[in-house]
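File shown here: work.txt, holding compact mmCIF, C-alpha atoms and all ligand atoms.
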```
# COMPACT_ATOMS: atom_id res chain seq x y z
CA MET A 1 5.78 38.50 2.96
CA THR A 2 5.88 38.63 6.72
CA ALA A 3 6.92 35.49 8.55
CA LEU A 4 4.25 33.85 10.68
CA THR A 5 4.84 33.31 14.37
CA GLY A 6 4.55 29.77 15.75
CA ARG A 7 1.00 30.29 16.90
CA GLN A 8 -0.08 31.97 13.69
CA ARG A 9 1.24 29.00 11.80
CA ASP A 10 -0.85 26.56 13.80
CA GLU A 11 -3.88 28.76 13.17
CA PHE A 12 -3.08 28.97 9.49
CA ASP A 13 -2.84 25.19 9.25
CA ARG A 14 -6.25 24.79 10.89
CA ALA A 15 -7.90 27.44 8.77
CA HIS A 16 -6.39 26.81 5.34
CA ILE A 17 -4.77 23.41 4.91
CA TRP A 18 -6.53 20.15 4.24
CA HIS A 19 -5.11 17.00 5.81
CA PRO A 20 -5.94 13.46 4.60
CA TYR A 21 -9.65 12.57 4.93
CA ALA A 22 -10.22 15.64 7.09
CA SER A 23 -12.67 18.49 7.36
CA ILE A 24 -11.47 22.00 6.65
CA SER A 25 -14.18 23.56 8.80
CA ARG A 26 -13.91 21.17 11.74
CA PRO A 27 -10.28 20.09 11.59
CA ASN A 28 -8.97 17.38 13.90
CA PRO A 29 -5.89 18.16 15.94
CA VAL A 30 -2.58 17.66 14.16
CA TYR A 31 0.86 17.37 15.69
CA LYS A 32 3.64 19.42 14.21
CA VAL A 33 6.79 17.50 13.32
CA GLU A 34 10.07 19.36 13.41
CA SER A 35 12.39 16.63 12.20
CA ALA A 36 12.73 12.87 11.90
CA GLN A 37 15.72 10.61 12.45
CA GLY A 38 15.92 6.83 12.58
CA VAL A 39 12.59 5.61 13.94
CA TYR A 40 11.93 8.86 15.83
CA LEU A 41 9.73 11.81 14.96
CA THR A 42 10.60 14.98 16.88
CA LEU A 43 7.59 17.20 17.50
CA ALA A 44 7.77 20.99 17.54
CA ASP A 45 7.12 20.94 21.32
CA GLY A 46 10.25 18.83 21.78
CA ARG A 47 8.56 15.48 22.37
CA SER A 48 9.94 12.52 20.55
CA LEU A 49 7.77 9.68 19.20
CA ILE A 50 8.64 6.23 17.86
CA ASP A 51 7.02 5.97 14.45
CA GLY A 52 4.98 2.76 14.41
CA MET A 53 3.48 3.60 11.00
CA SER A 54 6.58 4.07 8.79
CA SER A 55 4.65 7.07 7.46
CA TRP A 56 1.99 4.77 5.98
CA TRP A 57 4.20 1.79 5.01
CA ALA A 58 6.85 3.91 3.30
CA ALA A 59 9.82 4.67 5.61
CA ILE A 60 11.20 1.11 5.80
CA HIS A 61 14.76 2.29 6.57
CA GLY A 62 13.62 4.93 9.04
CA TYR A 63 14.25 8.65 8.53
CA GLY A 64 17.36 10.58 7.56
CA HIS A 65 19.31 7.52 6.48
CA PRO A 66 22.82 8.64 5.48
CA VAL A 67 22.85 6.44 2.35
CA LEU A 68 19.55 7.82 1.07
CA ASN A 69 20.49 11.37 2.05
CA ALA A 70 23.71 11.03 0.06
CA ALA A 71 21.88 9.63 -2.98
CA ALA A 72 19.44 12.55 -2.92
CA ALA A 73 22.19 15.12 -2.46
CA ALA A 74 24.28 13.68 -5.30
CA GLN A 75 21.31 13.66 -7.68
CA LEU A 76 20.36 17.25 -6.71
CA GLU A 77 23.77 18.38 -7.93
CA LYS A 78 22.97 16.97 -11.37
CA MET A 79 19.26 17.69 -11.78
CA SER A 80 16.19 17.46 -9.62
CA HIS A 81 13.77 17.03 -12.48
CA VAL A 82 13.54 16.96 -16.22
CA MET A 83 10.63 15.99 -18.46
CA PHE A 84 10.51 12.35 -19.58
CA GLY A 85 8.85 12.98 -22.94
CA GLY A 86 11.58 12.68 -25.57
CA LEU A 87 14.29 12.60 -22.87
CA THR A 88 15.70 9.88 -20.67
CA HIS A 89 18.28 9.64 -17.87
CA ASP A 90 20.37 7.20 -15.87
CA PRO A 91 18.38 7.43 -12.60
CA ALA A 92 15.27 6.09 -14.41
CA ILE A 93 17.25 3.44 -16.30
CA GLU A 94 19.05 2.32 -13.14
CA LEU A 95 15.81 2.08 -11.18
CA CYS A 96 13.86 0.26 -13.88
CA SER A 97 16.65 -2.28 -14.37
CA ARG A 98 16.50 -3.01 -10.62
CA LEU A 99 12.72 -3.35 -10.67
CA VAL A 100 12.82 -5.75 -13.63
CA GLU A 101 15.43 -7.86 -11.83
CA LEU A 102 13.72 -7.83 -8.44
CA THR A 103 10.12 -8.54 -9.49
CA PRO A 104 8.92 -11.92 -10.86
CA GLY A 105 10.63 -12.93 -14.12
CA PRO A 106 7.81 -12.24 -16.60
CA LEU A 107 7.55 -8.57 -15.55
CA THR A 108 9.88 -6.72 -17.90
CA LYS A 109 8.24 -3.42 -18.88
CA VAL A 110 8.00 -0.47 -16.51
CA PHE A 111 5.82 2.63 -16.42
CA LEU A 112 6.88 5.19 -13.80
CA SER A 113 4.38 7.55 -12.21
CA ASP A 114 4.07 9.76 -9.18
CA SER A 115 1.80 7.98 -6.72
CA GLY A 116 0.27 4.63 -5.94
CA SER A 117 -3.20 5.63 -7.07
CA VAL A 118 -1.85 6.74 -10.43
CA SER A 119 0.04 3.47 -10.86
CA VAL A 120 -3.32 1.71 -10.40
CA GLU A 121 -4.93 3.98 -13.01
CA VAL A 122 -2.13 3.05 -15.40
CA ALA A 123 -2.60 -0.66 -14.64
CA ILE A 124 -6.31 -0.36 -15.47
CA LYS A 125 -5.56 1.45 -18.73
CA MET A 126 -3.00 -1.21 -19.66
CA ALA A 127 -5.58 -3.94 -19.07
CA LEU A 128 -8.24 -2.23 -21.19
CA GLN A 129 -5.86 -1.36 -24.00
CA TYR A 130 -4.62 -4.96 -23.96
CA GLN A 131 -8.12 -6.39 -24.33
CA GLN A 132 -8.95 -3.87 -27.08
CA ALA A 133 -5.83 -4.88 -28.97
CA LYS A 134 -6.87 -8.52 -28.58
CA GLY A 135 -10.17 -7.67 -30.28
CA ARG A 136 -12.14 -8.07 -27.03
CA PRO A 137 -13.52 -4.57 -26.46
CA ASP A 138 -16.37 -5.89 -24.30
CA LYS A 139 -13.81 -6.91 -21.69
CA ASN A 140 -13.84 -3.46 -20.11
CA ARG A 141 -14.70 -4.11 -16.43
CA LEU A 142 -12.60 -5.20 -13.49
CA LEU A 143 -13.30 -7.93 -11.02
CA THR A 144 -12.02 -7.61 -7.48
CA VAL A 145 -12.85 -8.60 -3.90
CA ARG A 146 -14.51 -6.63 -1.12
CA SER A 147 -12.40 -5.10 1.66
CA GLY A 148 -9.82 -3.99 -0.88
CA TYR A 149 -8.05 -0.66 -1.13
CA HIS A 150 -6.34 0.61 -4.28
CA GLY A 151 -6.20 4.38 -3.94
CA ASP A 152 -8.29 7.54 -4.02
CA THR A 153 -8.39 8.63 -7.67
CA LEU A 154 -11.57 7.81 -9.58
CA GLY A 155 -10.38 4.69 -11.36
CA ALA A 156 -8.69 3.28 -8.27
CA MET A 157 -11.57 4.25 -5.98
CA ALA A 158 -13.98 2.27 -8.16
CA VAL A 159 -12.19 -0.97 -7.20
CA CYS A 160 -11.98 -0.18 -3.47
CA ASP A 161 -14.46 -1.83 -1.11
CA PRO A 162 -17.86 -0.50 -2.22
CA ILE A 163 -19.13 0.01 1.34
CA LYS A 164 -16.02 1.12 3.26
CA GLY A 165 -14.80 2.96 0.19
CA MET A 166 -16.45 6.06 -1.20
CA HIS A 167 -18.76 4.59 -3.82
CA ALA A 168 -21.99 6.02 -2.47
CA ARG A 169 -20.78 9.60 -2.57
CA PHE A 170 -19.29 9.45 -6.06
CA ARG A 171 -21.72 6.95 -7.56
CA GLY A 172 -22.49 9.00 -10.66
CA LEU A 173 -18.84 9.15 -11.62
CA LEU A 174 -17.57 5.68 -10.81
CA ALA A 175 -17.20 2.75 -13.17
CA ARG A 176 -19.30 -0.28 -12.14
CA HIS A 177 -17.10 -3.24 -11.43
CA LEU A 178 -17.66 -6.74 -10.07
CA PHE A 179 -17.00 -7.66 -6.44
CA ALA A 180 -16.50 -11.09 -4.92
CA ASP A 181 -16.58 -11.64 -1.16
CA PRO A 182 -13.37 -10.87 0.76
CA PRO A 183 -10.84 -13.66 0.26
CA THR A 184 -10.84 -16.53 2.78
CA PRO A 185 -9.57 -18.40 4.70
CA CYS A 186 -7.32 -16.30 6.90
CA PHE A 187 -3.58 -16.71 6.51
CA GLY A 188 -2.51 -19.81 8.45
CA GLU A 189 -5.91 -21.51 8.34
CA GLU A 190 -6.70 -24.64 6.36
CA TRP A 191 -7.35 -24.26 2.64
CA GLU A 192 -10.43 -25.81 1.06
CA GLU A 193 -11.49 -25.46 -2.54
CA GLY A 194 -14.86 -24.05 -1.43
CA HIS A 195 -13.13 -20.79 -0.51
CA ILE A 196 -12.66 -19.89 -4.17
CA GLN A 197 -16.17 -20.89 -5.26
CA GLY A 198 -17.80 -17.45 -5.08
CA PHE A 199 -14.97 -15.83 -7.00
CA LYS A 200 -15.01 -18.63 -9.55
CA ASP A 201 -18.76 -18.37 -10.15
CA LEU A 202 -18.56 -14.61 -10.56
CA LEU A 203 -15.71 -14.82 -13.06
CA ARG A 204 -17.30 -17.68 -14.96
CA ALA A 205 -20.58 -15.81 -15.31
CA ASN A 206 -18.97 -12.51 -16.33
CA HIS A 207 -15.69 -13.32 -18.02
CA GLY A 208 -16.87 -11.85 -21.31
CA ARG A 209 -16.87 -8.43 -19.60
CA VAL A 210 -13.82 -8.77 -17.36
CA ALA A 211 -10.57 -7.21 -18.61
CA ALA A 212 -8.63 -7.91 -15.42
CA VAL A 213 -8.83 -9.04 -11.84
CA ILE A 214 -7.19 -6.67 -9.38
CA LEU A 215 -6.15 -7.77 -5.88
CA GLU A 216 -3.83 -6.90 -3.04
CA PRO A 217 -1.82 -10.11 -2.63
CA VAL A 218 -2.15 -11.90 0.75
CA VAL A 219 -2.57 -8.69 2.79
CA GLN A 220 -5.51 -6.33 2.30
CA GLY A 221 -4.31 -3.01 3.71
CA ALA A 222 -6.42 0.08 4.25
CA GLY A 223 -9.63 -1.80 3.39
CA GLY A 224 -9.47 -3.87 6.58
CA MET A 225 -5.95 -5.15 7.33
CA ARG A 226 -6.96 -8.72 6.49
CA PHE A 227 -4.42 -11.50 5.82
CA TYR A 228 -5.61 -14.33 3.58
CA HIS A 229 -4.41 -17.72 2.35
CA PRO A 230 -1.86 -17.57 -0.51
CA ARG A 231 -3.62 -20.52 -2.14
CA TYR A 232 -6.50 -18.16 -2.92
CA LEU A 233 -4.11 -16.16 -5.05
CA GLU A 234 -2.85 -19.26 -6.83
CA ARG A 235 -6.41 -20.27 -7.69
CA VAL A 236 -7.16 -16.75 -8.94
CA ARG A 237 -4.08 -16.96 -11.16
CA GLU A 238 -5.28 -20.25 -12.65
CA LEU A 239 -8.80 -18.94 -13.20
CA THR A 240 -7.67 -15.68 -14.83
CA ARG A 241 -5.62 -17.74 -17.31
CA GLU A 242 -8.58 -19.96 -18.03
CA TYR A 243 -10.85 -16.97 -18.75
CA GLU A 244 -8.43 -14.77 -20.73
CA THR A 245 -8.41 -12.17 -18.00
CA LEU A 246 -5.32 -10.31 -16.81
CA LEU A 247 -4.23 -10.38 -13.19
CA ILE A 248 -3.17 -7.09 -11.61
CA LEU A 249 -1.45 -7.39 -8.23
CA ASP A 250 -1.31 -4.22 -6.18
CA GLU A 251 1.89 -4.56 -4.11
CA ILE A 252 1.94 -0.88 -3.15
CA ALA A 253 1.67 -1.67 0.57
CA THR A 254 3.13 -5.19 0.62
CA GLY A 255 6.15 -4.69 -1.65
CA PHE A 256 9.78 -4.49 -0.51
CA GLY A 257 9.69 -7.06 2.24
CA ARG A 258 6.83 -5.92 4.45
CA THR A 259 5.16 -9.35 4.70
CA GLY A 260 8.44 -11.25 5.07
CA SER A 261 8.98 -11.98 1.38
CA MET A 262 10.23 -9.34 -1.07
CA PHE A 263 6.77 -9.24 -2.66
CA ALA A 264 3.68 -10.84 -1.17
CA CYS A 265 3.02 -12.69 -4.45
CA HIS A 266 6.22 -14.69 -3.80
CA ARG A 267 4.37 -16.39 -0.94
CA ALA A 268 1.95 -17.84 -3.48
CA LYS A 269 4.58 -18.33 -6.20
CA VAL A 270 2.28 -16.34 -8.44
CA SER A 271 3.38 -13.89 -11.09
CA PRO A 272 0.84 -11.29 -12.20
CA ASP A 273 0.44 -9.79 -15.66
CA ILE A 274 0.63 -6.32 -14.13
CA MET A 275 2.11 -5.23 -10.80
CA CYS A 276 1.79 -1.89 -8.99
CA LEU A 277 4.52 -0.59 -6.68
CA GLY A 278 4.72 2.57 -4.58
CA LYS A 279 4.91 3.52 -0.90
CA ALA A 280 8.27 1.98 0.20
CA LEU A 281 9.73 2.32 -3.31
CA THR A 282 11.80 5.38 -2.32
CA GLY A 283 12.13 4.33 1.32
CA GLY A 284 9.55 7.01 2.08
CA TYR A 285 11.65 9.91 0.77
CA LEU A 286 9.69 11.04 -2.27
CA SER A 287 6.49 10.21 -4.07
CA LEU A 288 7.11 7.65 -6.78
CA ALA A 289 5.28 4.62 -8.14
CA ALA A 290 5.69 2.05 -10.88
CA THR A 291 3.45 -0.22 -12.94
CA LEU A 292 5.21 -3.26 -14.38
CA THR A 293 3.94 -5.63 -17.01
CA THR A 294 5.01 -8.52 -19.23
CA ASP A 295 6.47 -8.68 -22.73
CA GLU A 296 3.19 -10.11 -23.93
CA VAL A 297 1.03 -7.29 -22.56
CA GLY A 298 3.52 -4.67 -23.74
CA ARG A 299 3.75 -6.16 -27.21
CA THR A 300 -0.01 -6.53 -27.55
CA ILE A 301 -0.73 -2.94 -26.51
CA GLY A 302 2.00 -1.83 -28.90
CA SER A 303 0.48 -3.75 -31.81
CA GLU A 304 -2.80 -1.83 -31.97
CA GLY A 305 -3.17 1.45 -33.86
CA SER A 306 -0.39 3.86 -32.94
CA GLY A 307 0.63 1.47 -30.15
CA GLU A 308 0.75 4.22 -27.55
CA LEU A 309 -0.06 3.63 -23.92
CA ARG A 310 -2.37 6.54 -23.17
CA HIS A 311 -0.73 8.05 -20.09
CA GLY A 312 2.15 10.46 -19.40
CA PRO A 313 2.42 12.37 -16.12
CA THR A 314 4.33 15.67 -15.96
CA PHE A 315 6.65 14.33 -13.26
CA MET A 316 7.08 10.89 -14.86
CA GLY A 317 10.41 9.31 -13.97
CA ASN A 318 11.45 12.15 -11.66
CA PRO A 319 15.26 11.72 -11.44
CA LEU A 320 15.53 12.69 -7.78
CA ALA A 321 12.93 10.13 -6.74
CA CYS A 322 14.44 7.48 -9.04
CA ALA A 323 17.93 7.99 -7.61
CA VAL A 324 16.68 7.63 -4.05
CA ALA A 325 14.58 4.58 -5.01
CA SER A 326 17.62 2.80 -6.47
CA ALA A 327 19.62 3.62 -3.34
CA SER A 328 16.76 2.37 -1.15
CA ILE A 329 16.56 -0.94 -3.03
CA ASP A 330 20.33 -1.42 -2.81
CA LEU A 331 20.25 -0.59 0.89
CA LEU A 332 17.48 -3.11 1.46
CA LEU A 333 19.23 -5.88 -0.50
CA SER A 334 22.60 -5.26 1.16
CA GLY A 335 21.16 -5.64 4.66
CA PRO A 336 19.56 -8.53 6.56
CA TRP A 337 16.00 -7.39 5.79
CA GLN A 338 14.54 -10.86 5.99
CA GLU A 339 15.95 -11.51 9.47
CA ARG A 340 14.79 -8.10 10.56
CA VAL A 341 11.23 -8.61 9.36
CA GLU A 342 11.18 -12.10 10.89
CA ARG A 343 12.41 -10.74 14.19
CA ILE A 344 9.78 -7.99 14.12
CA GLN A 345 7.12 -10.61 13.37
CA GLY A 346 8.18 -12.62 16.43
CA ARG A 347 8.32 -9.58 18.67
CA LEU A 348 4.98 -8.27 17.46
CA GLY A 349 3.44 -11.66 18.17
CA GLN A 350 4.78 -11.67 21.73
CA GLY A 351 4.16 -8.01 22.38
CA LEU A 352 0.55 -8.02 21.18
CA ALA A 353 -0.39 -11.40 22.72
CA PRO A 354 -1.71 -9.75 25.93
CA CYS A 355 -4.38 -8.05 23.79
CA ARG A 356 -5.99 -11.42 23.12
CA GLY A 357 -8.77 -11.94 25.56
CA LEU A 358 -9.10 -8.25 26.47
CA THR A 359 -12.68 -7.02 26.52
CA GLY A 360 -13.53 -5.39 23.21
CA VAL A 361 -10.77 -7.16 21.26
CA LYS A 362 -12.01 -9.23 18.34
CA ASP A 363 -8.76 -10.46 16.84
CA VAL A 364 -4.99 -10.07 17.03
CA ARG A 365 -2.96 -10.91 13.93
CA VAL A 366 0.63 -10.55 12.82
CA LEU A 367 2.27 -11.16 9.47
CA GLY A 368 5.81 -10.03 8.68
CA ALA A 369 6.32 -6.51 10.03
CA ILE A 370 2.58 -5.85 10.36
CA GLY A 371 0.74 -6.16 13.68
CA VAL A 372 -3.02 -5.65 13.91
CA VAL A 373 -5.44 -5.54 16.83
CA GLU A 374 -9.02 -5.59 15.60
CA LEU A 375 -11.56 -4.27 18.09
CA GLU A 376 -15.30 -4.92 18.36
CA GLU A 377 -16.14 -1.23 18.05
CA PRO A 378 -14.65 1.68 16.10
CA VAL A 379 -12.11 3.69 18.09
CA ASP A 380 -12.30 7.38 18.83
CA LEU A 381 -9.30 8.29 16.71
CA GLU A 382 -8.49 11.61 18.37
CA THR A 383 -8.61 10.33 21.94
CA MET A 384 -6.68 7.20 21.18
CA GLN A 385 -4.05 8.99 19.13
CA ALA A 386 -3.49 11.46 21.98
CA LYS A 387 -2.93 8.54 24.37
CA PHE A 388 -0.37 7.03 22.02
CA VAL A 389 1.43 10.36 21.75
CA GLU A 390 1.50 10.57 25.57
CA ALA A 391 3.05 7.10 25.57
CA GLY A 392 5.72 8.30 23.11
CA VAL A 393 4.60 6.41 20.02
CA TRP A 394 3.05 7.45 16.73
CA LEU A 395 0.15 5.26 15.65
CA ARG A 396 -2.91 6.16 13.64
CA PRO A 397 -5.76 3.70 14.10
CA PHE A 398 -8.73 3.65 11.75
CA GLY A 399 -12.19 2.23 12.24
CA ARG A 400 -11.91 -0.82 14.50
CA LEU A 401 -8.23 -1.33 13.72
CA VAL A 402 -5.22 -0.44 15.84
CA TYR A 403 -2.15 -1.48 13.92
CA THR A 404 1.56 -0.98 13.40
CA MET A 405 3.99 -1.49 10.52
CA PRO A 406 7.27 -0.08 11.89
CA PRO A 407 10.49 0.70 10.01
CA TYR A 408 12.59 -2.46 9.64
CA ILE A 409 15.44 -0.86 11.62
CA ILE A 410 13.38 -0.65 14.82
CA THR A 411 15.13 -2.24 17.82
CA ASP A 412 13.50 -4.77 20.15
CA GLU A 413 13.23 -2.17 22.93
CA GLU A 414 11.64 0.39 20.63
CA LEU A 415 9.20 -2.20 19.34
CA GLU A 416 8.34 -3.15 22.91
CA ARG A 417 7.42 0.46 23.56
CA VAL A 418 5.09 0.38 20.56
CA THR A 419 3.38 -2.90 21.46
CA GLY A 420 3.37 -1.98 25.16
CA ALA A 421 1.54 1.24 24.35
CA MET A 422 -0.95 -0.65 22.18
CA VAL A 423 -1.71 -3.11 24.98
CA LYS A 424 -1.99 -0.37 27.59
CA VAL A 425 -4.19 1.95 25.56
CA ILE A 426 -6.50 -0.85 24.38
CA GLU A 427 -6.74 -2.17 27.93
CA GLY A 428 -7.55 1.32 29.20
CA GLN A 429 -10.23 1.64 26.55
CA ALA A 430 -11.82 -1.66 27.67
CA LYS A 431 -12.05 -0.28 31.22
CA GLY A 432 -13.70 2.83 29.80
C1 LIG B 501 -1.65 3.35 -0.36
C2 LIG B 501 -2.14 2.40 -1.37
C3 LIG B 501 -2.52 2.83 -2.65
C4 LIG B 501 -2.54 4.29 -3.06
O1 LIG B 501 -1.29 4.86 -3.06
P1 LIG B 501 -1.14 6.47 -2.98
O2 LIG B 501 0.32 6.70 -3.09
O3 LIG B 501 -1.72 6.87 -1.66
O4 LIG B 501 -1.91 7.04 -4.12
C5 LIG B 501 -2.95 1.86 -3.55
N1 LIG B 501 -2.97 0.56 -3.22
C6 LIG B 501 -2.60 0.11 -2.01
C7 LIG B 501 -2.62 -1.35 -1.71
C8 LIG B 501 -2.18 1.01 -1.03
O5 LIG B 501 -1.84 0.57 0.18
```
The structure in this file should be written as structure tokens.
Amino acid sequence: MTALTGRQRDEFDRAHIWHPYASISRPNPVYKVESAQGVYLTLADGRSLIDGMSSWWAAIHGYGHPVLNAAAAAQLEKMSHVMFGGLTHDPAIELCSRLVELTPGPLTKVFLSDSGSVSVEVAIKMALQYQQAKGRPDKNRLLTVRSGYHGDTLGAMAVCDPIKGMHARFRGLLARHLFADPPTPCFGEEWEEGHIQGFKDLLRANHGRVAAVILEPVVQGAGGMRFYHPRYLERVRELTREYETLLILDEIATGFGRTGSMFACHRAKVSPDIMCLGKALTGGYLSLAATLTTDEVGRTIGSEGSGELRHGPTFMGNPLACAVASASIDLLLSGPWQERVERIQGRLGQGLAPCRGLTGVKDVRVLGAIGVVELEEPVDLETMQAKFVEAGVWLRPFGRLVYTMPPYIITDEELERVTGAMVKVIEGQAKG
């Protein structure tokens, strides 16, 4: 094989490699990253960008952290991977014991998988197998809310927002689920019982068919970056109990401190029957996800027929990813993560305040280490991204949303550069 020159490589990328949600025949420009350290991405052309995205919520400790590097290196010396069928290993045991301790008390059983979407598939299977074992086979649908996002595989996609998601294109293949309106009121607004009425009516009318309710707790991520009242979640918990329906909380984006509490469900003092984790689980080093459930769900699934849970990925419990995940959790717990996230929340609030009142800005909202500017009109992603790169920051807006969820280690000055760039670029956009 002959090595490609720099230019040939760029051409090869354009001609042969798909990027997320991209066209292979009309590819959008991509920036080549050479290395990453701390909160900085170094591009192949030598430019250095502050990562305001944490590589899609994942890199909470920043890049190249010595503790995580050491954990990966040490595990590589032992084994990078081994099958999990019929075998087990300390990295998986260590990680699962941490997850059981860290998550709400009732969650005691762990299923490891390789990505967030797959952890959602596993959660759905758990819910259906549970209801079958309970002798309620007609409970085979899910109920969720609009504006949600749970992943791109077929099962997960079917519970994403039906309009913003991809339902129309894959209609023939997708399961038909039930959708309530997006949860209200917004985080910080006054709670009234009327806000749960629509959800309540839908569940009451359909509970005989509903195996589980699936929600992103408090923060809806890729489906709209909406923050809603924790009381909504508490009411959902009560209603799911009343109607013998499981509650699945998808903490893939919100887990590990992002909203200011370790898990967003802590804000509502709600414990789900099933919880999905991913994204920041390995501090952004490797792809890994987990689905946790309770003794009761585990026991019930185990009581029917052969008792097997019908899932088993090839790379289940990958030791390298597990070792880094344990190190990432220890690193998080040993540091002042709560103060950091609180400080980021304050700085994001100040830094993004000038966006309020700008022409074309609909809303500015901040929760934990998440800052969102919602515009009236969809942005031109390519143009806006190029402006951010010029300003030395990495942000990737979507639709009408310009947002940041930086690594927790970001300094005040670095964060000011991120929010400053957001204000400047959005202001420039308003002026046309
Ligand atoms: C990203 C995300 C997923 C999907 O995770 P992947 O690792 O991309 O498959 C599911 N749910 C939520 C809430 C997410 O943010």
Identify the residues within 12 Å of coordinate (20.8, 6.3, 6.5) (same frame as the file), considering only C-alpha atoms, and give the answer as number ranges by chain. A: 36-39, 59-72, 283, 285, 324, 327-328, 331-332, 409
Can you tell me how far atom CA of A:Asn318 sits from atom CA of A:Ser306, in Å to one decimal? 25.7 Å
Counting all atoms listed in the file, give me one row per residue of stretch 112-141 of chain A with an atom at most 12 Å from an atom of stretch 151-174 of chain A, showing the shortest contact pair and its distance in Å to one decimal, sorted by chain then residue number, as a tab-separated table.
```
residue	atom	partner	partner_atom	distance
A:Ser115	CA	A:Gly151	CA	9.2
A:Gly116	CA	A:Gly151	CA	6.8
A:Ser117	CA	A:Gly151	CA	4.5
A:Val118	CA	A:Thr153	CA	7.3
A:Ser119	CA	A:Ala156	CA	9.1
A:Val120	CA	A:Ala156	CA	6.0
A:Glu121	CA	A:Gly155	CA	5.7
A:Val122	CA	A:Gly155	CA	9.3
A:Ala123	CA	A:Ala156	CA	9.7
A:Ile124	CA	A:Gly155	CA	7.7
A:Lys125	CA	A:Gly155	CA	9.4
A:Arg141	CA	A:Val159	CA	10.1
```
Counting only C-alpha atoms and all ligand atoms, what are the residues, protein, DNA or RNA alike, that approach ligand LIG 501 (chain B) to within 9 Å? I want them as an NGL selection string. :A and (56-57 or 114-120 or 148-153 or 156 or 215-217 or 219-223 or 249-254 or 276-279 or 287-289)
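With only C-alpha atoms as the basis for measurement, A:Cys96 is the residue among A:Cys96, A:Val379, A:Leu43, A:Val393 that approaches A:Thr293 most closely.
Every protein, DNA or RNA residue with an atom at most 8 Å from stretch 352-369 of chain A, where all atoms listed in the file count and chain neighbours fewer than 6 positions away do not, is listed here: Phe227, Arg258, Thr259, Gly260, Val341, Glu342, Ile344, Gln345, Leu375, Glu376, Glu377, Met405, Pro406, Tyr408, Thr419, Gly420, Met422, Val423, Ile426, Glu427 and Ala430 of chain A.
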For the atom pair atom CA of A:Gly302 and atom CA of A:Glu234, what is the interatomic distance in Å to one decimal place? 28.5 Å
Atom CA of A:Leu239 to atom CA of A:Phe179, distance in Å rounded to a single decimal: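 Computed distance, atom CA of A:Leu239 to atom CA of A:Phe179, equals 15.5 Å.
Using all atoms listed in the file, the smallest distance between any of A:Asp13, A:Glu192, A:Asp201, A:Asp330 and A:Leu143 comes from A:Asp201.
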Write out as a list in words each polymer residue whose atoms come within 8 Å of A:Arg396, counting only C-alpha atoms; drop sequence neighbours fewer than 4 positions from it. Met53, Leu381, Gln385, Val402 and Tyr403 of chain A
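The environment of A:Asn206 within 12 Å, counting all atoms listed in the file and disregarding residues fewer than 2 places along the same chain, consists of Asp138, Lys139, Asn140, Arg141, Leu142, Leu143, His177, Leu178, Phe179, Ala180, Phe199, Lys200, Asp201, Leu202, Leu203, Arg204, Gly208, Arg209, Val210, Ala211, Ala212, Val213, Thr240, Tyr243, Glu244 and Thr245 of chain A.
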So which one's closest to A:Ala421, A:Lys387, A:Arg267, A:Arg299, A:Arg400? Using all atoms listed in the file, please.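 Of all the options, A:Lys387 lies closest to A:Ala421.
Distances to A:Ala58 were evaluated for A:Ala325, A:Val30, A:Ala73, A:Leu102 using all atoms listed in the file, and the minimum falls at A:Ala325.
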